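Visitor: Data: final.tsv, TSV, C-alpha atoms.
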```
chain	number	residue	atom	x	y	z
A	423	MET	CA	48.71	-44.00	-7.99
A	424	MET	CA	46.60	-46.33	-5.80
A	425	ASN	CA	48.87	-49.01	-4.45
A	426	PRO	CA	47.37	-51.68	-2.19
A	427	VAL	CA	48.05	-51.38	1.55
A	428	ALA	CA	47.96	-54.56	3.65
A	429	LEU	CA	45.05	-54.49	6.10
A	430	GLU	CA	47.42	-54.91	9.04
A	431	HIS	CA	48.90	-51.50	8.14
A	432	ALA	CA	45.63	-49.72	7.36
A	433	SER	CA	45.18	-48.05	10.76
A	434	ARG	CA	48.61	-46.43	10.40
A	435	LEU	CA	47.25	-44.35	7.56
A	436	VAL	CA	45.26	-42.25	10.03
A	437	ASN	CA	47.49	-42.75	13.09
A	438	HIS	CA	48.79	-39.16	12.96
A	439	GLY	CA	45.40	-37.45	12.93
A	440	PRO	CA	44.87	-36.23	9.37
A	441	THR	CA	41.66	-34.64	8.13
A	442	VAL	CA	39.77	-37.14	5.97
A	443	LEU	CA	37.27	-36.90	3.14
A	444	VAL	CA	34.30	-39.22	3.69
A	445	SER	CA	32.75	-40.63	0.52
A	446	THR	CA	29.39	-42.38	0.43
A	447	ALA	CA	26.92	-43.60	-2.19
A	448	HIS	CA	23.59	-45.38	-2.30
A	449	GLU	CA	21.16	-46.12	-5.12
A	450	GLY	CA	22.49	-43.54	-7.51
A	451	ARG	CA	23.10	-40.81	-4.94
A	452	ARG	CA	26.63	-39.95	-3.85
A	453	ASN	CA	28.32	-37.51	-1.50
A	454	VAL	CA	31.61	-36.39	0.00
A	455	MET	CA	32.31	-34.40	3.17
A	456	ALA	CA	35.36	-33.48	5.21
A	457	ALA	CA	35.86	-34.81	8.72
A	458	ALA	CA	38.57	-33.47	11.00
A	459	TRP	CA	37.60	-35.91	13.73
A	460	SER	CA	38.65	-39.49	13.24
A	461	MET	CA	41.00	-41.99	14.89
A	462	PRO	CA	41.96	-45.63	14.72
A	463	VAL	CA	40.64	-47.76	17.56
A	464	GLU	CA	42.32	-51.05	16.63
A	465	PHE	CA	45.14	-52.32	14.41
A	466	THR	CA	43.91	-55.91	13.93
A	467	PRO	CA	41.26	-55.98	12.70
A	468	PRO	CA	41.74	-52.43	11.43
A	469	ARG	CA	38.97	-50.30	12.90
A	470	ILE	CA	38.45	-46.56	12.79
A	471	ALA	CA	36.03	-44.17	14.50
A	472	VAL	CA	34.80	-41.09	12.63
A	473	VAL	CA	32.53	-38.31	13.83
A	474	ILE	CA	29.74	-37.75	11.28
A	475	ASP	CA	26.86	-35.45	12.15
A	476	LYS	CA	23.52	-37.25	12.16
A	477	GLN	CA	21.92	-34.47	10.10
A	478	THR	CA	24.20	-34.92	7.11
A	479	LEU	CA	23.50	-36.60	3.78
A	480	THR	CA	26.72	-38.55	4.40
A	481	HIS	CA	25.19	-40.07	7.51
A	482	GLU	CA	22.00	-40.94	5.61
A	483	LEU	CA	23.85	-42.65	2.74
A	484	LEU	CA	26.22	-44.41	5.14
A	485	MET	CA	23.33	-45.82	7.16
A	486	ALA	CA	21.51	-46.90	4.00
A	487	SER	CA	24.47	-48.60	2.34
A	488	GLY	CA	26.42	-49.78	5.38
A	489	HIS	CA	29.68	-48.60	3.83
A	490	PHE	CA	31.84	-45.52	3.57
A	491	ALA	CA	35.26	-44.52	2.27
A	492	LEU	CA	37.97	-42.22	3.59
A	493	GLY	CA	40.47	-40.27	1.52
A	494	LEU	CA	43.43	-38.31	2.91
A	495	PRO	CA	43.59	-34.96	1.13
A	496	THR	CA	46.84	-33.31	0.08
A	497	PRO	CA	47.64	-29.57	0.15
A	498	ALA	CA	46.30	-29.12	-3.40
A	499	LEU	CA	42.95	-30.39	-2.09
A	500	ALA	CA	42.72	-27.85	0.76
A	501	ASP	CA	40.13	-25.67	-0.99
A	502	PHE	CA	38.13	-28.74	-2.04
A	503	SER	CA	38.28	-30.16	1.50
A	504	TYR	CA	37.07	-26.93	3.05
A	505	ALA	CA	34.31	-26.58	0.46
A	506	VAL	CA	32.95	-30.10	0.99
A	507	GLY	CA	33.18	-29.55	4.74
A	508	THR	CA	30.96	-26.48	4.65
A	509	ARG	CA	28.41	-27.30	1.89
A	510	SER	CA	25.57	-29.77	2.21
A	511	GLY	CA	25.07	-32.56	-0.29
A	512	ARG	CA	21.35	-31.98	0.08
A	513	GLU	CA	21.78	-28.78	-1.93
A	514	GLY	CA	23.27	-30.47	-4.98
A	515	ASP	CA	26.04	-32.85	-5.98
A	516	LYS	CA	29.27	-31.48	-4.54
A	517	PHE	CA	31.51	-33.32	-7.03
A	518	ARG	CA	29.67	-31.67	-9.93
A	519	GLN	CA	29.57	-28.26	-8.22
A	520	LEU	CA	33.30	-28.35	-7.60
A	521	GLY	CA	34.22	-29.87	-10.96
A	522	LEU	CA	35.92	-32.96	-9.58
A	523	GLU	CA	35.15	-36.37	-11.06
A	524	PRO	CA	35.40	-39.09	-8.42
A	525	ASP	CA	37.16	-42.38	-9.05
A	526	THR	CA	34.86	-45.38	-8.60
A	527	ARG	CA	37.36	-48.05	-9.64
A	528	ASN	CA	37.50	-49.70	-6.23
A	529	PRO	CA	35.94	-52.84	-4.75
A	530	LEU	CA	32.88	-51.00	-3.38
A	531	GLU	CA	32.62	-48.57	-6.32
A	532	LEU	CA	32.49	-45.68	-3.85
A	533	PRO	CA	33.25	-42.18	-5.20
A	534	LEU	CA	36.87	-41.67	-4.10
A	535	VAL	CA	38.64	-38.33	-4.43
A	536	PRO	CA	41.59	-38.51	-6.86
A	537	GLY	CA	44.81	-36.85	-5.75
A	538	CYS	CA	44.62	-38.04	-2.15
A	539	SER	CA	47.65	-39.70	-0.56
A	540	ALA	CA	45.62	-42.68	0.70
A	541	TRP	CA	42.15	-44.20	0.60
A	542	LEU	CA	40.28	-46.68	2.79
A	543	LEU	CA	37.00	-48.56	2.29
A	544	LEU	CA	35.07	-49.43	5.44
A	545	ARG	CA	31.98	-51.26	6.52
A	546	ARG	CA	29.93	-49.67	9.27
A	547	ILE	CA	29.95	-51.53	12.57
A	548	PRO	CA	26.46	-50.76	13.88
A	549	GLU	CA	26.77	-48.94	17.21
A	550	PRO	CA	23.48	-47.03	17.55
A	551	HIS	CA	24.31	-45.53	20.95
A	552	SER	CA	27.69	-44.05	19.98
A	553	GLU	CA	26.22	-42.84	16.69
A	554	SER	CA	23.36	-41.17	18.49
A	555	ALA	CA	25.09	-39.78	21.59
A	556	TYR	CA	28.45	-38.76	20.04
A	557	ASP	CA	27.90	-38.85	16.25
A	558	THR	CA	30.68	-41.44	16.40
A	559	VAL	CA	30.57	-44.09	13.70
A	560	PHE	CA	32.82	-47.15	14.03
A	561	GLY	CA	33.98	-48.87	10.86
A	562	GLU	CA	36.13	-51.82	9.89
A	563	VAL	CA	38.56	-51.35	7.03
A	564	LEU	CA	37.93	-53.74	4.14
A	565	TRP	CA	40.49	-52.39	1.67
A	566	ALA	CA	43.14	-49.69	1.66
A	567	ALA	CA	45.47	-48.10	-0.85
A	568	ALA	CA	48.05	-45.35	-0.83
A	569	ASP	CA	50.30	-43.37	-3.13
A	570	ALA	CA	53.56	-45.32	-2.96
A	571	ARG	CA	55.59	-42.11	-3.15
A	572	ILE	CA	54.64	-41.37	0.48
A	573	PHE	CA	53.36	-44.63	2.02
A	574	ALA	CA	55.04	-47.93	1.19
A	575	ASN	CA	55.85	-51.16	3.04
A	576	GLY	CA	53.43	-50.20	5.79
A	577	ARG	CA	55.14	-46.88	6.59
A	578	TRP	CA	54.70	-43.19	5.96
A	579	ASP	CA	57.74	-41.46	4.51
A	580	PHE	CA	57.38	-37.67	4.77
A	581	ARG	CA	60.14	-36.00	2.76
A	582	ASP	CA	60.77	-32.59	1.23
A	583	ASP	CA	60.49	-34.03	-2.26
A	584	ASN	CA	56.99	-35.43	-1.67
A	585	ALA	CA	55.61	-32.40	0.19
A	586	ASP	CA	52.72	-32.21	-2.30
A	587	LEU	CA	51.49	-35.53	-0.84
A	588	HIS	CA	51.68	-34.55	2.83
A	589	THR	CA	48.49	-34.73	4.87
A	590	LEU	CA	46.24	-31.88	6.04
A	591	HIS	CA	45.32	-31.37	9.69
A	592	HIS	CA	42.47	-28.95	10.31
A	593	LEU	CA	42.99	-26.21	12.89
A	594	GLY	CA	39.59	-24.61	12.25
A	595	ALA	CA	37.97	-22.12	9.88
A	596	GLY	CA	39.63	-23.57	6.79
A	597	GLN	CA	43.13	-23.33	8.20
A	598	PHE	CA	45.19	-26.50	7.96
A	599	VAL	CA	48.66	-27.42	9.14
A	600	VAL	CA	50.83	-29.74	7.09
A	601	PRO	CA	53.30	-32.01	8.90
A	602	SER	CA	56.67	-32.05	7.19
A	603	ARG	CA	59.35	-32.25	9.87
A	604	VAL	CA	60.10	-35.78	11.08
A	605	VAL	CA	61.31	-36.37	14.65
A	606	GLN	CA	62.59	-39.83	15.61
A	607	ALA	CA	62.43	-40.58	19.32
A	608	LYS	CA	65.26	-42.51	20.92
A	609	GLY	CA	63.93	-45.97	21.73
B	1324	MET	CA	53.10	-20.80	30.74
B	1325	MET	CA	49.62	-22.23	31.43
B	1326	ASN	CA	47.10	-19.72	30.21
B	1327	PRO	CA	43.40	-20.52	30.58
B	1328	VAL	CA	41.51	-21.63	27.48
B	1329	ALA	CA	37.76	-21.01	27.36
B	1330	LEU	CA	35.85	-24.29	27.37
B	1331	GLU	CA	34.16	-23.43	24.07
B	1332	HIS	CA	37.62	-23.55	22.46
B	1333	ALA	CA	38.91	-26.64	24.25
B	1334	SER	CA	38.09	-29.16	21.50
B	1335	ARG	CA	40.14	-27.10	19.04
B	1336	LEU	CA	43.26	-28.02	20.99
B	1337	VAL	CA	43.07	-31.57	19.64
B	1338	ASN	CA	41.22	-30.83	16.38
B	1339	HIS	CA	44.33	-31.47	14.25
B	1340	GLY	CA	45.10	-34.93	15.63
B	1341	PRO	CA	48.10	-34.51	17.93
B	1342	THR	CA	49.53	-37.27	20.07
B	1343	VAL	CA	48.55	-36.69	23.70
B	1344	LEU	CA	50.01	-37.61	27.06
B	1345	VAL	CA	47.36	-39.06	29.39
B	1346	SER	CA	47.89	-38.32	33.10
B	1347	THR	CA	46.01	-40.06	35.86
B	1348	ALA	CA	46.19	-40.35	39.65
B	1349	HIS	CA	44.29	-42.06	42.43
B	1350	GLU	CA	44.99	-42.49	46.13
B	1351	GLY	CA	48.68	-41.72	45.98
B	1352	ARG	CA	49.36	-43.57	42.71
B	1353	ARG	CA	50.00	-41.66	39.51
B	1354	ASN	CA	50.78	-42.45	35.90
B	1355	VAL	CA	51.32	-41.02	32.44
B	1356	MET	CA	51.09	-42.70	29.03
B	1357	ALA	CA	51.11	-41.58	25.41
B	1358	ALA	CA	48.04	-41.97	23.22
B	1359	ALA	CA	48.19	-41.40	19.48
B	1360	TRP	CA	44.49	-42.09	19.12
B	1361	SER	CA	42.16	-39.33	20.29
B	1362	MET	CA	39.63	-36.98	18.73
B	1363	PRO	CA	37.05	-34.41	19.72
B	1364	VAL	CA	33.46	-35.56	19.39
B	1365	GLU	CA	31.73	-32.29	20.35
B	1366	PHE	CA	32.57	-28.60	20.71
B	1367	THR	CA	29.83	-27.64	23.21
B	1368	PRO	CA	30.06	-29.19	25.69
B	1369	PRO	CA	33.69	-30.01	24.86
B	1370	ARG	CA	33.98	-33.77	24.65
B	1371	ILE	CA	36.88	-35.93	23.54
B	1372	ALA	CA	37.29	-39.65	22.86
B	1373	VAL	CA	40.62	-41.34	23.65
B	1374	VAL	CA	41.68	-44.94	23.08
B	1375	ILE	CA	43.17	-46.36	26.29
B	1376	ASP	CA	43.94	-50.06	26.51
B	1377	LYS	CA	41.96	-51.80	29.23
B	1378	GLN	CA	45.09	-53.57	30.50
B	1379	THR	CA	46.93	-50.36	31.37
B	1380	LEU	CA	47.48	-48.77	34.77
B	1381	THR	CA	46.16	-45.57	33.19
B	1382	HIS	CA	42.83	-47.29	32.57
B	1383	GLU	CA	42.74	-48.59	36.13
B	1384	LEU	CA	43.46	-45.18	37.70
B	1385	LEU	CA	41.05	-43.45	35.32
B	1386	MET	CA	38.23	-45.83	36.22
B	1387	ALA	CA	38.97	-45.47	39.93
B	1388	SER	CA	39.15	-41.68	39.99
B	1389	GLY	CA	36.73	-40.82	37.18
B	1390	HIS	CA	39.17	-38.22	35.84
B	1391	PHE	CA	42.10	-37.90	33.47
B	1392	ALA	CA	44.24	-35.20	31.92
B	1393	LEU	CA	45.71	-34.71	28.45
B	1394	GLY	CA	48.91	-32.86	27.60
B	1395	LEU	CA	50.11	-32.03	24.10
B	1396	PRO	CA	53.83	-32.82	23.89
B	1397	THR	CA	56.30	-30.65	22.00
B	1398	PRO	CA	59.32	-31.85	19.98
B	1399	ALA	CA	61.57	-31.68	23.06
B	1400	LEU	CA	59.23	-34.21	24.68
B	1401	ALA	CA	59.45	-36.74	21.81
B	1402	ASP	CA	61.76	-39.11	23.72
B	1403	PHE	CA	59.65	-38.78	26.87
B	1404	SER	CA	56.44	-39.41	24.90
B	1405	TYR	CA	57.81	-42.52	23.26
B	1406	ALA	CA	59.17	-43.81	26.58
B	1407	VAL	CA	55.87	-43.38	28.44
B	1408	GLY	CA	54.09	-44.98	25.48
B	1409	THR	CA	56.16	-48.14	25.63
B	1410	ARG	CA	56.74	-48.63	29.41
B	1411	SER	CA	54.13	-49.81	31.89
B	1412	GLY	CA	53.37	-47.85	35.04
B	1413	ARG	CA	52.96	-51.18	36.78
B	1414	GLU	CA	56.75	-51.56	36.63
B	1415	GLY	CA	57.49	-48.39	38.51
B	1416	ASP	CA	56.72	-44.67	38.51
B	1417	LYS	CA	57.48	-43.39	35.01
B	1418	PHE	CA	57.92	-39.78	36.13
B	1419	ARG	CA	60.63	-40.82	38.58
B	1420	GLN	CA	62.25	-43.24	36.10
B	1421	LEU	CA	62.46	-40.52	33.47
B	1422	GLY	CA	63.44	-37.73	35.84
B	1423	LEU	CA	60.50	-35.47	35.11
B	1424	GLU	CA	58.61	-33.84	37.96
B	1425	PRO	CA	54.92	-33.41	37.06
B	1426	ASP	CA	53.03	-30.20	37.78
B	1427	THR	CA	50.02	-30.74	40.03
B	1428	ARG	CA	48.98	-27.09	40.32
B	1429	ASN	CA	45.66	-27.57	38.53
B	1430	PRO	CA	42.06	-27.86	39.71
B	1431	LEU	CA	42.15	-31.68	39.85
B	1432	GLU	CA	45.78	-31.86	41.08
B	1433	LEU	CA	46.54	-34.33	38.28
B	1434	PRO	CA	50.21	-34.88	37.37
B	1435	LEU	CA	50.57	-32.74	34.23
B	1436	VAL	CA	53.67	-32.83	32.05
B	1437	PRO	CA	55.49	-29.47	32.05
B	1438	GLY	CA	56.69	-28.21	28.68
B	1439	CYS	CA	53.56	-29.22	26.78
B	1440	SER	CA	51.83	-26.70	24.52
B	1441	ALA	CA	48.40	-27.36	26.06
B	1442	TRP	CA	46.68	-29.31	28.82
B	1443	LEU	CA	43.11	-30.45	29.41
B	1444	LEU	CA	41.37	-31.90	32.46
B	1445	LEU	CA	38.48	-34.25	31.80
B	1446	ARG	CA	35.87	-36.21	33.64
B	1447	ARG	CA	35.11	-39.68	32.33
B	1448	ILE	CA	31.66	-40.10	30.78
B	1449	PRO	CA	30.90	-43.72	31.66
B	1450	GLU	CA	30.36	-45.70	28.44
B	1451	PRO	CA	31.09	-49.30	29.42
B	1452	HIS	CA	30.35	-50.75	25.98
B	1453	SER	CA	32.68	-48.41	24.02
B	1454	GLU	CA	35.33	-48.82	26.70
B	1455	SER	CA	35.07	-52.58	26.50
B	1456	ALA	CA	34.59	-53.14	22.77
B	1457	TYR	CA	36.88	-50.40	21.41
B	1458	ASP	CA	39.01	-49.26	24.39
B	1459	THR	CA	37.38	-45.90	23.65
B	1460	VAL	CA	36.90	-43.64	26.66
B	1461	PHE	CA	34.72	-40.55	26.30
B	1462	GLY	CA	35.47	-37.54	28.49
B	1463	GLU	CA	34.11	-34.07	29.05
B	1464	VAL	CA	36.61	-31.24	29.38
B	1465	LEU	CA	36.37	-29.43	32.72
B	1466	TRP	CA	39.35	-27.10	32.34
B	1467	ALA	CA	41.93	-26.31	29.68
B	1468	ALA	CA	45.08	-24.25	29.39
B	1469	ALA	CA	47.67	-23.56	26.72
B	1470	ASP	CA	50.97	-21.84	26.17
B	1471	ALA	CA	49.90	-18.42	24.88
B	1472	ARG	CA	52.86	-18.29	22.50
B	1473	ILE	CA	51.11	-20.84	20.28
B	1474	PHE	CA	47.41	-20.90	21.27
B	1475	ALA	CA	45.62	-17.67	22.16
B	1476	ASN	CA	42.13	-16.24	21.68
B	1477	GLY	CA	40.82	-19.68	20.84
B	1478	ARG	CA	43.23	-20.25	17.93
B	1479	TRP	CA	46.41	-22.12	17.16
B	1480	ASP	CA	49.16	-20.00	15.66
B	1481	PHE	CA	51.90	-22.21	14.18
B	1482	ARG	CA	54.88	-20.05	13.24
B	1483	ASP	CA	58.57	-20.59	12.55
B	1484	ASP	CA	59.50	-18.71	15.72
B	1485	ASN	CA	57.44	-21.02	17.97
B	1486	ALA	CA	58.46	-24.30	16.30
B	1487	ASP	CA	59.61	-25.63	19.67
B	1488	LEU	CA	55.93	-25.59	20.73
B	1489	HIS	CA	54.51	-27.37	17.69
B	1490	THR	CA	52.59	-30.60	18.27
B	1491	LEU	CA	53.73	-34.18	17.66
B	1492	HIS	CA	51.78	-36.61	15.48
B	1493	HIS	CA	52.81	-40.25	15.79
B	1494	LEU	CA	53.49	-42.20	12.60
B	1495	GLY	CA	54.54	-45.34	14.45
B	1496	ALA	CA	57.63	-46.86	16.08
B	1497	GLY	CA	58.64	-43.62	17.79
B	1498	GLN	CA	58.59	-41.58	14.61
B	1499	PHE	CA	56.60	-38.36	14.81
B	1500	VAL	CA	55.77	-35.67	12.27
B	1501	VAL	CA	55.56	-32.04	13.32
B	1502	PRO	CA	53.12	-29.76	11.48
B	1503	SER	CA	54.67	-26.44	10.67
B	1504	ARG	CA	53.41	-25.31	7.28
B	1505	VAL	CA	50.04	-23.51	7.40
B	1506	VAL	CA	47.64	-23.72	4.44
B	1507	GLN	CA	44.59	-21.44	4.41
B	1508	ALA	CA	41.73	-22.68	2.23
B	1509	LYS	CA	39.76	-20.19	0.18
B	1510	GLY	CA	36.34	-19.91	1.81
```
Represent the structure from my file as structure tokens, please.

Guide:
Amino acid sequence: MMNPVALEHASRLVNHGPTVLVSTAHEGRRNVMAAAWSMPVEFTPPRIAVVIDKQTLTHELLMASGHFALGLPTPALADFSYAVGTRSGREGDKFRQLGLEPDTRNPLELPLVPGCSAWLLLRRIPEPHSESAYDTVFGEVLWAAADARIFANGRWDFRDDNADLHTLHHLGAGQFVVPSRVVQAKG
Amino acid sequence: MMNPVALEHASRLVNHGPTVLVSTAHEGRRNVMAAAWSMPVEFTPPRIAVVIDKQTLTHELLMASGHFALGLPTPALADFSYAVGTRSGREGDKFRQLGLEPDTRNPLELPLVPGCSAWLLLRRIPEPHSESAYDTVFGEVLWAAADARIFANGRWDFRDDNADLHTLHHLGAGQFVVPSRVVQAKG
């Protein structure tokens, strides 16, 4: 279900503030965590900022490899997202613990979470001060893909009949809201 | 409808990625713009990053005053949000053009947008490199308030009967999605 997304449209994937799953890997180790805090900072080139705690295994693997991936979880992945947001990868492989086999068939062979509505591969843009002072990592998107049933031709299309692909937005304490109602402003 | 929000809960107001309205003022000039790109970076102290184009009047007033405000627009403010996101304050006062009188009864007397579900006042944390390289402004929340019908005791409460207070999340080109369905993950 991974259909390529043109890089010029990649920032739109996270324009509306979804929770993301951050995948990393380095020298045989791999990890995934949830991040509620991310945002695009540029359309061209597509750049995204994500808050990743310096203490995490994700941060360690990201720094070591220079790359990371984002996946946009769907409602069926709510339990998984909350679990990987509260466990530490230092206490065992979360994919194995949670019985989910990641998909590494992507240009960076990063462990992507199947069943997401979209995925992005990024290279870290080294910004030691922002990383240190605000846990804020900047990345440039190298590749993006989406499930064509909800994102096609550079646009999201939230409908009742694809509600199982809608994004999750974390309110706190494992409670998410799912955007479903579309409002078109008069231009 | 502005009820105080404890500072320890302020970052939760934007945890789920809503579009925000950025209000600024300095020496008799005032402005408001929409920003789809913001995120918390810290709970305590409450700190938020917002992408604000360096060319904008908002950026100029923010740099001059050292302060800015965020409002979280509701569906009834979709047209207003799109309009203030596409016009420039350099071509006239947007509040006057759009016939909306801002509310300045707040500790910094910033021009807040009535009818939002929440409001935050922030002081700029000077970060010239992030501001220059990524248009990313970091701010620390000094004061926050919310409409108690949707945010109370430090928590969002999205229900069918307060749908007119739900947040807007910009997909692009004036199209917003409104989160209404709540999913609670198993802990």

Visitor: Find the spatial neighbours of segment 439-447 of chain A, counting only C-alpha atoms, within a cut-off of 6 Å - ignore same-chain residues fewer than 4 positions away - and output them as a PyMOL selection string.

Guide: (chain A and resi 451-458+483+490-494+533+589-591) or (chain B and resi 1340)

Visitor: Quick check: residues of chain A within 8 Å of chain B, all atoms listed in the file, returned as a PDB file with C-alpha atoms, keeping the file's coordinate frame.

Guide:
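That gives us result19.pdb:
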```pdb
ATOM      1  CA  ARG A 434      48.610 -46.430  10.400  1.00  0.00           C
ATOM      2  CA  ASN A 437      47.490 -42.750  13.090  1.00  0.00           C
ATOM      3  CA  HIS A 438      48.790 -39.160  12.960  1.00  0.00           C
ATOM      4  CA  GLY A 439      45.400 -37.450  12.930  1.00  0.00           C
ATOM      5  CA  PRO A 440      44.870 -36.230   9.370  1.00  0.00           C
ATOM      6  CA  THR A 441      41.660 -34.640   8.130  1.00  0.00           C
ATOM      7  CA  ALA A 458      38.570 -33.470  11.000  1.00  0.00           C
ATOM      8  CA  TRP A 459      37.600 -35.910  13.730  1.00  0.00           C
ATOM      9  CA  SER A 460      38.650 -39.490  13.240  1.00  0.00           C
ATOM     10  CA  MET A 461      41.000 -41.990  14.890  1.00  0.00           C
ATOM     11  CA  PRO A 462      41.960 -45.630  14.720  1.00  0.00           C
ATOM     12  CA  VAL A 463      40.640 -47.760  17.560  1.00  0.00           C
ATOM     13  CA  GLU A 464      42.320 -51.050  16.630  1.00  0.00           C
ATOM     14  CA  VAL A 473      32.530 -38.310  13.830  1.00  0.00           C
ATOM     15  CA  PRO A 497      47.640 -29.570   0.150  1.00  0.00           C
ATOM     16  CA  ALA A 500      42.720 -27.850   0.760  1.00  0.00           C
ATOM     17  CA  ASP A 501      40.130 -25.670  -0.990  1.00  0.00           C
ATOM     18  CA  TYR A 504      37.070 -26.930   3.050  1.00  0.00           C
ATOM     19  CA  ALA A 505      34.310 -26.580   0.460  1.00  0.00           C
ATOM     20  CA  SER A 552      27.690 -44.050  19.980  1.00  0.00           C
ATOM     21  CA  TYR A 556      28.450 -38.760  20.040  1.00  0.00           C
ATOM     22  CA  ASP A 557      27.900 -38.850  16.250  1.00  0.00           C
ATOM     23  CA  THR A 558      30.680 -41.440  16.400  1.00  0.00           C
ATOM     24  CA  ARG A 577      55.140 -46.880   6.590  1.00  0.00           C
ATOM     25  CA  TRP A 578      54.700 -43.190   5.960  1.00  0.00           C
ATOM     26  CA  PHE A 580      57.380 -37.670   4.770  1.00  0.00           C
ATOM     27  CA  HIS A 591      45.320 -31.370   9.690  1.00  0.00           C
ATOM     28  CA  HIS A 592      42.470 -28.950  10.310  1.00  0.00           C
ATOM     29  CA  LEU A 593      42.990 -26.210  12.890  1.00  0.00           C
ATOM     30  CA  GLY A 594      39.590 -24.610  12.250  1.00  0.00           C
ATOM     31  CA  GLY A 596      39.630 -23.570   6.790  1.00  0.00           C
ATOM     32  CA  GLN A 597      43.130 -23.330   8.200  1.00  0.00           C
ATOM     33  CA  PHE A 598      45.190 -26.500   7.960  1.00  0.00           C
ATOM     34  CA  VAL A 599      48.660 -27.420   9.140  1.00  0.00           C
ATOM     35  CA  VAL A 600      50.830 -29.740   7.090  1.00  0.00           C
ATOM     36  CA  PRO A 601      53.300 -32.010   8.900  1.00  0.00           C
ATOM     37  CA  SER A 602      56.670 -32.050   7.190  1.00  0.00           C
ATOM     38  CA  ARG A 603      59.350 -32.250   9.870  1.00  0.00           C
ATOM     39  CA  VAL A 604      60.100 -35.780  11.080  1.00  0.00           C
ATOM     40  CA  VAL A 605      61.310 -36.370  14.650  1.00  0.00           C
ATOM     41  CA  GLN A 606      62.590 -39.830  15.610  1.00  0.00           C
ATOM     42  CA  ALA A 607      62.430 -40.580  19.320  1.00  0.00           C
ATOM     43  CA  LYS A 608      65.260 -42.510  20.920  1.00  0.00           C
ATOM     44  CA  GLY A 609      63.930 -45.970  21.730  1.00  0.00           C
TER      45      GLY A 609
END
```

Visitor: Please provide as a ChimeraX atom specification all residues within 9 Å of Arg1413 of chain B, with the sequence filter that same-chain residues fewer than 2 positions apart are discarded (counting only C-alpha atoms).

Guide: /B:1379-1380,1410-1411,1415-1416

Visitor: Could the residues in this selection be written to a file with C-alpha atoms, as a PDB file, in the frame of the given file?

Guide:
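The result, stored in part-v7.pdb:
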```pdb
ATOM      1  CA  THR B1379      46.930 -50.360  31.370  1.00  0.00           C
ATOM      2  CA  LEU B1380      47.480 -48.770  34.770  1.00  0.00           C
ATOM      3  CA  ARG B1410      56.740 -48.630  29.410  1.00  0.00           C
ATOM      4  CA  SER B1411      54.130 -49.810  31.890  1.00  0.00           C
ATOM      5  CA  GLY B1415      57.490 -48.390  38.510  1.00  0.00           C
ATOM      6  CA  ASP B1416      56.720 -44.670  38.510  1.00  0.00           C
TER       7      ASP B1416
END
```

Visitor: In terms of the shortest atom-to-atom distance over all atoms listed in the file, which of B:Ala1441, B:Ile1448, B:Leu1488, B:Leu1423 is closest to Ala1468 of chain B?

Guide: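 Using all atoms listed in the file, Ala1468 of chain B sits closest to B:Ala1441.
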
Visitor: Quick check, in Å to one decimal: how far apart do atom CA of Gly561 of chain A and atom CA of Asn528 of chain A lie?

Guide: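 Value for the atom CA of Gly561 of chain A-atom CA of Asn528 of chain A distance: 17.5 Å.
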
Visitor: Write out N, CA and C atoms for segment 1403-1413 of chain B, as a short mmCIF file (atom, residue, chain, number, x, y, z; two decimals), in the coordinates of the input.

Guide:
```
data_model
loop_
_atom_site.label_atom_id
_atom_site.label_comp_id
_atom_site.auth_asym_id
_atom_site.auth_seq_id
_atom_site.Cartn_x
_atom_site.Cartn_y
_atom_site.Cartn_z
N PHE B 1403 60.50 -38.51 25.71
CA PHE B 1403 59.65 -38.78 26.87
C PHE B 1403 58.34 -39.44 26.43
N SER B 1404 57.74 -38.89 25.37
CA SER B 1404 56.44 -39.41 24.90
C SER B 1404 56.56 -40.86 24.45
N TYR B 1405 57.64 -41.15 23.73
CA TYR B 1405 57.81 -42.52 23.26
C TYR B 1405 58.07 -43.45 24.45
N ALA B 1406 58.86 -42.97 25.41
CA ALA B 1406 59.17 -43.81 26.58
C ALA B 1406 57.91 -44.13 27.38
N VAL B 1407 57.07 -43.12 27.62
CA VAL B 1407 55.87 -43.38 28.44
C VAL B 1407 54.82 -44.14 27.64
N GLY B 1408 55.00 -44.21 26.31
CA GLY B 1408 54.09 -44.98 25.48
C GLY B 1408 54.48 -46.44 25.37
N THR B 1409 55.69 -46.76 25.78
CA THR B 1409 56.16 -48.14 25.63
C THR B 1409 56.40 -48.83 26.99
N ARG B 1410 56.57 -48.04 28.08
CA ARG B 1410 56.74 -48.63 29.41
C ARG B 1410 55.39 -48.82 30.08
N SER B 1411 55.34 -49.68 31.09
CA SER B 1411 54.13 -49.81 31.89
C SER B 1411 54.34 -49.20 33.26
N GLY B 1412 53.34 -48.45 33.70
CA GLY B 1412 53.37 -47.85 35.04
C GLY B 1412 53.33 -48.90 36.14
N ARG B 1413 52.98 -50.12 35.77
CA ARG B 1413 52.96 -51.18 36.78
C ARG B 1413 54.38 -51.60 37.17
#
```
